[in-house]
Amino acid sequence: MKPAELRPQALRDQQGEVRYYRKEGDSRVAEKVAKATNAALDQIELDPGIGSPTLGRRLGIPGLRTWRVARFPLIWCYFERGDHPDVVRLLGERQNTAAILGDEFAAT
């Protein structure tokens with residue numbers, strides 16, 4: 001198992017999703033999204049190669065992988081590093097992921 005390291009923006013994304021679901025739903029829904037996002041991270045930690053490289057290839061971001069959060073329209077975006085998954089974002093499937101990630105990684 002390789003413990004995931006969440007970049008500050010990924011942590012803010014996760015916290016923002018929990019707040020959003022608490023506001024739009026209720027505390028039970030917010031708790032479910034928190035558990036689901038953490039369960040998806042657990043899967044990434046157990047097998048970092050599990051995520052799809054399709055979005056990374058399409059955007060020209062080498063090594064970027066995505067893994068969907070069960071029962072919610074969310075995806076974790078991460079890089080598989082030698083000793084850990086480097087989690088960069090938690091994005092909604094309806095967000096313009098190409099624009100968000102393209103802008104974020106254009107300078108790197």
# chains A, B, ... in the order shown; residues from 1 in each chain; ligands from 1
>>> residues_around(residues="Trp67 (chain A)", least_positions_apart="2", cutoff="8 Å", atoms="only C-alpha atoms", output="PyMOL selection string")
chain A and resi 40+44+50-52+65+69+75-77
>>> select_by_dssp(residues="region 25-70 of chain A", states="helix (DSSP H, G or I)", output="list in words")
Ser27, Arg28, Val29, Ala30, Glu31, Lys32, Val33, Ala34, Lys35, Ala36, Thr37, Asn38, Ala39, Ala40, Leu41, Asp42, Gln43, Ile44, Glu45, Leu46, Pro48, Gly49, Ile50, Thr54, Leu55, Gly56, Arg57, Arg58 and Leu59 of chain A
>>> write_last_selection(atoms="N, CA and C atoms", output="short mmCIF file (atom, residue, chain, number, x, y, z; two decimals), in the first residue's frame")
data_model
loop_
_atom_site.label_atom_id
_atom_site.label_comp_id
_atom_site.auth_asym_id
_atom_site.auth_seq_id
_atom_site.Cartn_x
_atom_site.Cartn_y
_atom_site.Cartn_z
N SER A 27 -26.78 16.45 6.31
CA SER A 27 -25.56 15.89 6.92
C SER A 27 -25.33 14.44 6.54
N ARG A 28 -26.42 13.69 6.36
CA ARG A 28 -26.26 12.27 5.97
C ARG A 28 -25.65 12.14 4.58
N VAL A 29 -26.08 12.98 3.67
CA VAL A 29 -25.54 12.96 2.31
C VAL A 29 -24.08 13.40 2.33
N ALA A 30 -23.78 14.44 3.11
CA ALA A 30 -22.41 14.92 3.22
C ALA A 30 -21.49 13.83 3.78
N GLU A 31 -21.99 13.08 4.76
CA GLU A 31 -21.21 11.99 5.33
C GLU A 31 -20.97 10.89 4.28
N LYS A 32 -21.98 10.63 3.46
CA LYS A 32 -21.83 9.62 2.40
C LYS A 32 -20.79 10.04 1.38
N VAL A 33 -20.76 11.32 0.99
CA VAL A 33 -19.77 11.77 0.02
C VAL A 33 -18.38 11.72 0.63
N ALA A 34 -18.25 12.05 1.90
CA ALA A 34 -16.95 11.97 2.57
C ALA A 34 -16.45 10.52 2.58
N LYS A 35 -17.33 9.60 2.94
CA LYS A 35 -16.94 8.18 2.97
C LYS A 35 -16.61 7.67 1.57
N ALA A 36 -17.40 8.07 0.58
CA ALA A 36 -17.17 7.59 -0.79
C ALA A 36 -15.85 8.13 -1.35
N THR A 37 -15.55 9.40 -1.09
CA THR A 37 -14.29 9.95 -1.60
C THR A 37 -13.11 9.29 -0.90
N ASN A 38 -13.24 9.02 0.39
CA ASN A 38 -12.16 8.34 1.11
C ASN A 38 -12.00 6.89 0.65
N ALA A 39 -13.11 6.22 0.37
CA ALA A 39 -13.04 4.84 -0.12
C ALA A 39 -12.34 4.79 -1.48
N ALA A 40 -12.62 5.78 -2.34
CA ALA A 40 -11.94 5.84 -3.64
C ALA A 40 -10.44 6.07 -3.45
N LEU A 41 -10.08 6.91 -2.50
CA LEU A 41 -8.66 7.11 -2.20
C LEU A 41 -8.01 5.83 -1.69
N ASP A 42 -8.75 5.08 -0.89
CA ASP A 42 -8.23 3.79 -0.39
C ASP A 42 -7.91 2.86 -1.56
N GLN A 43 -8.79 2.84 -2.56
CA GLN A 43 -8.56 1.99 -3.73
C GLN A 43 -7.31 2.44 -4.49
N ILE A 44 -7.14 3.75 -4.63
CA ILE A 44 -5.96 4.28 -5.31
C ILE A 44 -4.69 3.91 -4.54
N GLU A 45 -4.75 3.98 -3.22
CA GLU A 45 -3.59 3.63 -2.40
C GLU A 45 -3.22 2.15 -2.56
N LEU A 46 -4.22 1.30 -2.63
CA LEU A 46 -3.97 -0.13 -2.75
C LEU A 46 -3.40 -0.50 -4.12
N PRO A 48 -2.24 1.95 -7.19
CA PRO A 48 -2.14 3.25 -7.85
C PRO A 48 -2.32 3.22 -9.37
N GLY A 49 -2.08 2.08 -10.00
CA GLY A 49 -2.25 1.97 -11.44
C GLY A 49 -3.69 1.76 -11.87
N ILE A 50 -4.61 1.75 -10.92
CA ILE A 50 -6.01 1.44 -11.20
C ILE A 50 -6.71 2.52 -12.03
N THR A 54 -6.69 8.03 -19.66
CA THR A 54 -7.30 8.62 -20.85
C THR A 54 -7.32 10.15 -20.81
N LEU A 55 -7.79 10.74 -19.73
CA LEU A 55 -7.87 12.20 -19.64
C LEU A 55 -6.48 12.81 -19.73
N GLY A 56 -5.52 12.23 -19.05
CA GLY A 56 -4.15 12.74 -19.10
C GLY A 56 -3.59 12.71 -20.52
N ARG A 57 -3.84 11.63 -21.22
CA ARG A 57 -3.37 11.53 -22.62
C ARG A 57 -4.05 12.59 -23.49
N ARG A 58 -5.37 12.73 -23.30
CA ARG A 58 -6.13 13.68 -24.11
C ARG A 58 -5.66 15.11 -23.89
N LEU A 59 -5.26 15.42 -22.64
CA LEU A 59 -4.83 16.77 -22.31
C LEU A 59 -3.33 16.98 -22.49
#
>>> residues_around(residues="Arg7 (chain A)", least_positions_apart="3", cutoff="10 Å", atoms="only C-alpha atoms", output="mmCIF file with C-alpha atoms, in the first residue's frame")
data_model
loop_
_atom_site.group_PDB
_atom_site.id
_atom_site.type_symbol
_atom_site.label_atom_id
_atom_site.label_comp_id
_atom_site.auth_asym_id
_atom_site.auth_seq_id
_atom_site.Cartn_x
_atom_site.Cartn_y
_atom_site.Cartn_z
ATOM 1 C CA ALA A 4 -1.753 8.989 -0.968
ATOM 2 C CA ALA A 10 -7.255 18.367 -3.642
ATOM 3 C CA LEU A 11 -8.018 18.618 0.067
ATOM 4 C CA ARG A 12 -9.898 21.888 -0.494
ATOM 5 C CA ASP A 13 -11.832 20.226 -3.317
ATOM 6 C CA TYR A 78 -3.595 11.959 -9.537
ATOM 7 C CA ASP A 86 0.178 12.318 -5.796
ATOM 8 C CA VAL A 87 -3.459 13.460 -5.687
ATOM 9 C CA VAL A 88 -3.886 16.819 -7.387
ATOM 10 C CA ARG A 89 -7.654 17.423 -7.637
#
>>> atom_distance(atom1="CA of Asp83 (chain A)", atom2="CA of Lys2 (chain A)")
6.2 Å
>>> atom_distance(atom1="CA of Met1 (chain A)", atom2="CA of His84 (chain A)")
8.6 Å
>>> select_by_dssp(residues="chain A", states="strand (DSSP E)", output="list in words")
Glu5, Leu6, Leu64, Arg65, Thr66, Trp67, Arg68, Leu74, Ile75, Trp76, Cys77, Tyr78, Phe79, Glu80, Pro85, Asp86, Val87, Val88, Arg89, Leu90, Leu91 and Gly92 of chain A
>>> write_last_selection(atoms="C-alpha atoms", output="PDB file, in the first residue's frame")
ATOM      1  CA  GLU A   5      -0.528  12.530  -0.586  1.00  0.00           C
ATOM      2  CA  LEU A   6      -3.245  15.081  -1.264  1.00  0.00           C
ATOM      3  CA  LEU A  64      -2.208  11.894 -15.069  1.00  0.00           C
ATOM      4  CA  ARG A  65      -4.761   9.266 -14.011  1.00  0.00           C
ATOM      5  CA  THR A  66      -8.376   9.548 -12.887  1.00  0.00           C
ATOM      6  CA  TRP A  67     -10.495   7.378 -10.619  1.00  0.00           C
ATOM      7  CA  ARG A  68     -14.254   7.769 -10.204  1.00  0.00           C
ATOM      8  CA  LEU A  74     -16.710  13.024  -8.875  1.00  0.00           C
ATOM      9  CA  ILE A  75     -13.259  11.952 -10.027  1.00  0.00           C
ATOM     10  CA  TRP A  76      -9.909  11.984  -8.278  1.00  0.00           C
ATOM     11  CA  CYS A  77      -7.039  13.191 -10.491  1.00  0.00           C
ATOM     12  CA  TYR A  78      -3.595  11.959  -9.537  1.00  0.00           C
ATOM     13  CA  PHE A  79      -0.128  10.916 -10.596  1.00  0.00           C
ATOM     14  CA  GLU A  80       1.390   7.577  -9.679  1.00  0.00           C
ATOM     15  CA  PRO A  85      -0.097   8.537  -5.368  1.00  0.00           C
ATOM     16  CA  ASP A  86       0.178  12.318  -5.796  1.00  0.00           C
ATOM     17  CA  VAL A  87      -3.459  13.460  -5.687  1.00  0.00           C
ATOM     18  CA  VAL A  88      -3.886  16.819  -7.387  1.00  0.00           C
ATOM     19  CA  ARG A  89      -7.654  17.423  -7.637  1.00  0.00           C
ATOM     20  CA  LEU A  90     -11.137  16.134  -6.901  1.00  0.00           C
ATOM     21  CA  LEU A  91     -13.339  17.362  -9.737  1.00  0.00           C
ATOM     22  CA  GLY A  92     -16.969  17.037 -10.686  1.00  0.00           C
TER      23      GLY A  92
END
